[in-house]
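S.K.: After the structure tokens below, expect a handful of questions from me.
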Amino acid sequence: MVIAKTSLNKMQKHQIILMLLLSFTLSALCQNNASDSVWMIELEAISIENSTTKDHLPEFLGTYMYAGKKTDLLTLNGSENLSQNLGRMIFAKIPGINLWDMDGAGTQLNISTRGTDAHRSIEMNMRQNGYNTNSDMFGYPENHYTVAMQGVKQIQLVRGSAALQFGSQFGGMMNYVMKSGNPNKVFEVESEQTYGSNNFFNSFNSIGGTKGKVSYYAFYDDRQGDGWRPNSAFHYKSWYTNFNYRFNPKASLAFQFSRMHYEQQIGGGLTDEMFNENARQSNRTRNFFSPTINIPAVILKYHLSANTKLEVTTNGIWGDRSSVQFINSPNVEDTFNIAIGSYNARQVDRDFYAGFTTEARILHHYTLGKLNSTLAGGIRYFNETTKRRQKGKGTTGSDLTFDLTGNYGVDLRFHTINYAVFAENIFHLNQKLSVTPGFRYEMIQSELTGVIENRSADVNYSGNRTFPLFGIGMEYKIHKNSEIYGNASEAYRPYLYSQVTPANQIAKIDPNLADSKGYNIDLGYRGNFGNRLSFDFSGFYQYYGDRIGNLNIVNEGNSSYLFTTNVGNSAAFGIESYLELSLIGSANQFFELSFFNSLAYTHARYLSGQLNQNGENQDLKGNHVEGVPDWINRAGLDLRIKTFSSRLQFTHISEKFNDANNTVFDPVGTSGLIPSYSITDWSFKWKIFERYHFSGGINNLMNTKYFSRRIPFYPGPGILPGDGRTFYLTLGVKI
């Protein structure tokens, strides 16, 4: 009881600090408003029919501030493979995006940047229309929610300094801006039907429009197929609705709801020998994975004055991720067990999520002396509960069922409360130079209770932490079409619940375990020269301190145990370069041929530390950070002839290791070098008779044999091969 009372008092103090900081922020808004109408201009991305455009975000957009930051803005209108959510084509024009090509189902988008982990975008702050979609942002931040890209209008990415406005992450903030109802029509229908290799079929259908003060948009996507490998069938369904009511020119209220559910059979991993012999083989027929995510949201936007905007977003997230698997290394067959007269029982793992978030943001333009300035500030409240039930004894059958024949070996409850306040301010020192300092203050309360089988005591953990973050950015406009930008900003990543959960009876958690902290530095030059050339060249440095791992500790009696603690520090530095050049014609002419190159070099290495491997602690200094290739290069030729467009794209990913110990070879395939690979893709889109379009393409045109992921757990273990050559064709109509 004393511990609980002390924790409550700490949280009360944190709330007082938050309210004081908020009062300070709001007091700045009480200054006399400037009347310069230029502050009301919001820049929009230029959209060219049949061509995806790449740009950067403006200084401010809505209540968000992007001055001096490394940003990317994609407007999706092109011939990329949206129906299959093919990440390497969709994100091709964003340099440095690290992706896993695990299958052609498009049910997962595993994304990372700058030396971070791509597993379900776990180190990205993933958002849709401004609100988080990570399942549990602080305790288990995997992004199980996968949006149907045919319903996305724009993709926004903020790297480096994203933590100040958006919170926990090292990889950056990625926001999917969804399509909205046509403002010029009362009712509009869009439908795309796609057929492809391996019985792939995707049906995307949407309606939208505007009537008076009301606008609406909704879509339903149904995607299914057998998969490139045996035992890889999937069925994905997603819904999205947006109902927006505009009270007057100053205020609007939007009600949104998103739901995603899929069932996917998992073909399992391979050893190196199996992969070299036949990459399409599978010896797992009884493994399944199925997540369901629901996200309701309410968004209020209000212009308090000509120079002040308010946005309040409230959203929930609830759902689950469930799997049933025969878990063993890939060289062990899942065979009929004569001794028990059936197959072996499978393992059932289930997580249940229930979260609530409210975020209020304000953007205010004012004058300070002769300087034009803009203040962006906000507060955030987050409350989430995750129930984790793992190592359940499942059935001996072969169908998709999560029924149990025994108890769960792990039954835990995680609860997180988070408060945050932030503020950033653009000071325009003159017409060319601006400086943007900022800060964020985070408060996190974490609790973990429950039972782990065979432990003498129940699990009981609580921790309260605070994170003050600071940063500063600058922007210097060389002329109206180009600028130099730079930023230095702190970042953090809270330790995950899995990292404070003992693995077995003798495992121990460091009572002084610290969250990972670090910082990002960016410096770049971006701009364009008319419609002929656009570019963004930048360098970065990212320090990632206090990474968490396991050490092997030997007692005086020569017995040993695994000890979870902060094991070391890493750093990533490199370049991110984008260039797009119109070779023939221009965007407004009948014929155009253009070339783009999206290149990134990332030197991600451990500066210090050690990690357990096979019962021994290995020195990490100088090792490659796991899962990070040095080179990522995507280049393409875009052709447009009136209403016909086509892209031929080349992707090269250099070699990487999948573990921090940089294991070169493991006979079971769960660790080892991941070789470099190169892939060519071709796609096209042809608009016919204004309302109809026909599109398609060939993925992995040269039928490259490759893989981008080894994994010691789901959905392996072992090597997860990438798909070979496949095709798809789409017929679409918009009325």
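Identifiers for the structure tokens are assigned positionally: chains receive A, B, ... in sequence, residues are indexed from 1 per chain, and ligands are indexed from 1 in the order shown.
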Give me the range 363-411 of chain A side of the contact with range 331-347 of chain A, cut-off 6 Å, one line per residue showing its nearest atom pair and distance in Å at one decimal, counting only C-alpha atoms, sorted by chain and residue number, as CSV.
M.R.:
residue,atom,partner,partner_atom,distance
A:Lys391,CA,A:Gln347,CA,5.6
A:Gly392,CA,A:Gln347,CA,5.5
A:Lys393,CA,A:Gln347,CA,5.4
A:Gly394,CA,A:Arg346,CA,4.9
A:Thr395,CA,A:Ala345,CA,5.2
A:Thr396,CA,A:Ala345,CA,4.4
S.K.: Pick out the residues sitting within 6 Å of range 362-366 of chain A, and hand them over as a CSV table (one decimal) with N, CA and C atoms, in the first residue's frame; count only C-alpha atoms, and ignore anything fewer than 6 positions along from it in its own chain.
M.R.:
chain,number,residue,atom,x,y,z
A,33,ASN,N,-2.4,39.3,-31.7
A,33,ASN,CA,-2.2,38.6,-32.9
A,33,ASN,C,-1.8,39.5,-34.1
A,34,ALA,N,-0.9,39.0,-34.9
A,34,ALA,CA,-0.5,39.7,-36.1
A,34,ALA,C,-1.6,39.5,-37.1
A,63,THR,N,-2.0,22.2,-37.7
A,63,THR,CA,-1.4,22.6,-36.4
A,63,THR,C,0.0,21.9,-36.2
A,307,ASN,N,-5.1,33.8,-37.0
A,307,ASN,CA,-3.8,33.4,-36.8
A,307,ASN,C,-3.6,32.2,-35.8
A,308,THR,N,-4.7,31.7,-35.3
A,308,THR,CA,-4.6,30.6,-34.3
A,308,THR,C,-5.5,29.4,-34.7
A,309,LYS,N,-5.0,28.3,-34.7
A,309,LYS,CA,-5.7,27.0,-35.0
A,309,LYS,C,-5.6,26.1,-33.9
A,310,LEU,N,-6.7,25.4,-33.6
A,310,LEU,CA,-6.8,24.3,-32.6
A,310,LEU,C,-7.2,23.0,-33.2
A,373,SER,N,6.7,35.1,-36.1
A,373,SER,CA,7.0,33.9,-35.4
A,373,SER,C,5.8,33.0,-35.4
A,374,THR,N,6.0,31.7,-35.2
A,374,THR,CA,4.9,30.8,-35.1
A,374,THR,C,5.2,29.8,-33.9
A,375,LEU,N,4.2,29.6,-33.1
A,375,LEU,CA,4.3,28.7,-32.0
A,375,LEU,C,3.4,27.5,-32.2
A,376,ALA,N,3.9,26.3,-32.0
A,376,ALA,CA,3.1,25.1,-32.0
A,376,ALA,C,3.3,24.4,-30.7
A,377,GLY,N,2.2,24.1,-30.0
A,377,GLY,CA,2.3,23.4,-28.7
A,377,GLY,C,1.1,22.4,-28.6
S.K.: Kindly give the distance, in Å, that separates CA of Asp349 in chain A and CA of Tyr381 in chain A, rounded to a single decimal.
M.R.: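 Between CA of Asp349 in chain A and CA of Tyr381 in chain A the gap works out to 29.4 Å.
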S.K.: So, counting only C-alpha atoms, which residue among A:Ser161, A:Asn98, A:Thr501, A:Ser282 is closest to Thr651 in chain A?
M.R.: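 Checking each of A:Ser161, A:Asn98, A:Thr501, A:Ser282 against Thr651 in chain A, counting only C-alpha atoms, the winner is A:Asn98.
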S.K.: Can you tell me, as a ChimeraX atom specification, which residues in range 355-493 of chain A count as strand (DSSP E or B) by DSSP?
M.R.: /A:355-368,371-394,404,410-428,433-452,459-479,482-493
S.K.: Keeping C-alpha atoms for every residue in the selection just given, could you write it to a file as a tab-separated table (two decimals), in the first residue's frame?
M.R.:
chain	number	residue	atom	x	y	z
A	355	GLY	CA	-6.04	1.93	-25.55
A	356	PHE	CA	-7.30	5.51	-25.40
A	357	THR	CA	-5.50	8.69	-26.48
A	358	THR	CA	-6.40	12.37	-26.50
A	359	GLU	CA	-4.08	14.91	-28.09
A	360	ALA	CA	-4.73	18.66	-28.27
A	361	ARG	CA	-2.54	20.81	-30.53
A	362	ILE	CA	-2.48	24.53	-31.21
A	363	LEU	CA	-0.63	26.62	-33.76
A	364	HIS	CA	-0.38	30.40	-33.32
A	365	HIS	CA	1.21	33.06	-35.56
A	366	TYR	CA	2.39	36.24	-33.83
A	367	THR	CA	4.96	39.02	-34.07
A	368	LEU	CA	7.82	39.47	-31.64
A	371	LEU	CA	10.01	39.17	-36.22
A	372	ASN	CA	7.26	36.96	-37.59
A	373	SER	CA	7.01	33.89	-35.41
A	374	THR	CA	4.90	30.76	-35.08
A	375	LEU	CA	4.30	28.71	-31.95
A	376	ALA	CA	3.10	25.10	-32.02
A	377	GLY	CA	2.27	23.40	-28.75
A	378	GLY	CA	0.17	20.62	-27.34
A	379	ILE	CA	-0.63	18.09	-24.67
A	380	ARG	CA	-1.25	14.36	-24.83
A	381	TYR	CA	-2.89	11.77	-22.59
A	382	PHE	CA	-2.51	8.04	-23.25
A	383	ASN	CA	-3.95	5.08	-21.32
A	384	GLU	CA	-3.46	1.51	-22.54
A	385	THR	CA	-3.89	-2.02	-21.22
A	386	THR	CA	-2.44	-5.11	-22.87
A	387	LYS	CA	-3.34	-8.61	-21.74
A	388	ARG	CA	-0.71	-11.13	-22.81
A	389	ARG	CA	-1.46	-14.86	-22.82
A	390	GLN	CA	1.31	-17.01	-24.25
A	391	LYS	CA	2.62	-20.56	-24.37
A	392	GLY	CA	-0.88	-22.03	-24.24
A	393	LYS	CA	-1.26	-25.70	-25.08
A	394	GLY	CA	-3.30	-25.75	-28.27
A	404	LEU	CA	-6.72	-24.68	-25.66
A	410	VAL	CA	2.24	-16.88	-19.41
A	411	ASP	CA	-0.72	-14.76	-18.26
A	412	LEU	CA	0.22	-11.10	-17.80
A	413	ARG	CA	-1.43	-7.69	-17.66
A	414	PHE	CA	0.43	-4.56	-18.79
A	415	HIS	CA	-0.87	-1.07	-18.08
A	416	THR	CA	0.61	2.24	-19.21
A	417	ILE	CA	-0.39	5.84	-18.51
A	418	ASN	CA	1.40	8.62	-20.38
A	419	TYR	CA	1.22	12.40	-20.17
A	420	ALA	CA	3.14	14.68	-22.48
A	421	VAL	CA	3.46	18.36	-23.30
A	422	PHE	CA	5.45	19.92	-26.12
A	423	ALA	CA	6.17	23.28	-27.73
A	424	GLU	CA	8.18	24.45	-30.75
A	425	ASN	CA	8.57	27.98	-32.06
A	426	ILE	CA	9.71	29.29	-35.45
A	427	PHE	CA	11.58	32.59	-35.21
A	428	HIS	CA	12.00	34.19	-38.64
A	433	LEU	CA	16.68	32.53	-42.10
A	434	SER	CA	14.54	30.89	-39.42
A	435	VAL	CA	15.42	29.12	-36.16
A	436	THR	CA	13.11	26.63	-34.42
A	437	PRO	CA	13.84	25.63	-30.82
A	438	GLY	CA	11.58	23.12	-29.10
A	439	PHE	CA	11.05	20.83	-26.15
A	440	ARG	CA	8.91	17.91	-25.02
A	441	TYR	CA	8.27	16.57	-21.54
A	442	GLU	CA	7.05	12.98	-21.18
A	443	MET	CA	5.78	11.16	-18.08
A	444	ILE	CA	5.24	7.39	-18.19
A	445	GLN	CA	3.76	5.13	-15.55
A	446	SER	CA	4.11	1.39	-16.27
A	447	GLU	CA	2.73	-1.57	-14.36
A	448	LEU	CA	3.15	-5.29	-14.97
A	449	THR	CA	1.36	-8.03	-13.04
A	450	GLY	CA	0.55	-11.66	-13.68
A	451	VAL	CA	1.71	-15.24	-13.60
A	452	ILE	CA	4.49	-17.10	-15.41
A	459	VAL	CA	5.34	-11.11	-11.65
A	460	ASN	CA	4.91	-7.65	-10.14
A	461	TYR	CA	6.67	-4.62	-11.60
A	462	SER	CA	6.01	-0.87	-11.71
A	463	GLY	CA	8.07	2.05	-12.92
A	464	ASN	CA	7.57	5.79	-13.25
A	465	ARG	CA	9.87	7.76	-15.55
A	466	THR	CA	10.13	11.22	-17.05
A	467	PHE	CA	11.81	12.36	-20.27
A	468	PRO	CA	12.68	15.99	-20.96
A	469	LEU	CA	13.65	16.33	-24.63
A	470	PHE	CA	15.16	19.38	-26.33
A	471	GLY	CA	15.98	20.27	-29.90
A	472	ILE	CA	16.65	23.09	-32.31
A	473	GLY	CA	16.32	23.44	-36.07
A	474	MET	CA	17.23	25.99	-38.72
A	475	GLU	CA	16.28	26.76	-42.29
A	476	TYR	CA	17.97	29.11	-44.74
A	477	LYS	CA	16.31	29.85	-48.08
A	478	ILE	CA	18.95	30.30	-50.78
A	479	HIS	CA	16.18	31.34	-53.16
A	482	SER	CA	15.83	25.75	-52.56
A	483	GLU	CA	16.94	25.82	-48.94
A	484	ILE	CA	19.47	24.53	-46.44
A	485	TYR	CA	17.99	22.86	-43.36
A	486	GLY	CA	19.44	21.41	-40.18
A	487	ASN	CA	18.29	19.99	-36.88
A	488	ALA	CA	19.59	18.52	-33.64
A	489	SER	CA	17.08	16.80	-31.40
A	490	GLU	CA	16.93	14.34	-28.51
A	491	ALA	CA	14.95	11.09	-28.75
A	492	TYR	CA	14.11	8.10	-26.57
A	493	ARG	CA	12.58	4.67	-26.63
S.K.: Could you state the separation of CA of Ser678 in chain A and CA of Gly87 in chain A in Å, given to one decimal place?
M.R.: 15.0 Å
S.K.: Distance table requested - range 608-705 of chain A against range 250-272 of chain A, cut-off 8 Å, only C-alpha atoms: one row per qualifying residue with the closest atom pair and its distance in Å to one decimal, ordered by chain and rising residue number, as a tab-separated table.
M.R.:
residue	atom	partner	partner_atom	distance
A:Pro667	CA	A:Thr271	CA	6.6
A:Val668	CA	A:Thr271	CA	5.0
A:Gly669	CA	A:Thr271	CA	4.2
A:Thr670	CA	A:Thr271	CA	7.6
S.K.: Using only C-alpha atoms, which of the listed residues (A:Ser498, A:Asn129, A:Asn205, A:Thr210) sits closest to Met178 in chain A?
M.R.: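 So, comparing all the options, the nearest one is A:Asn129.
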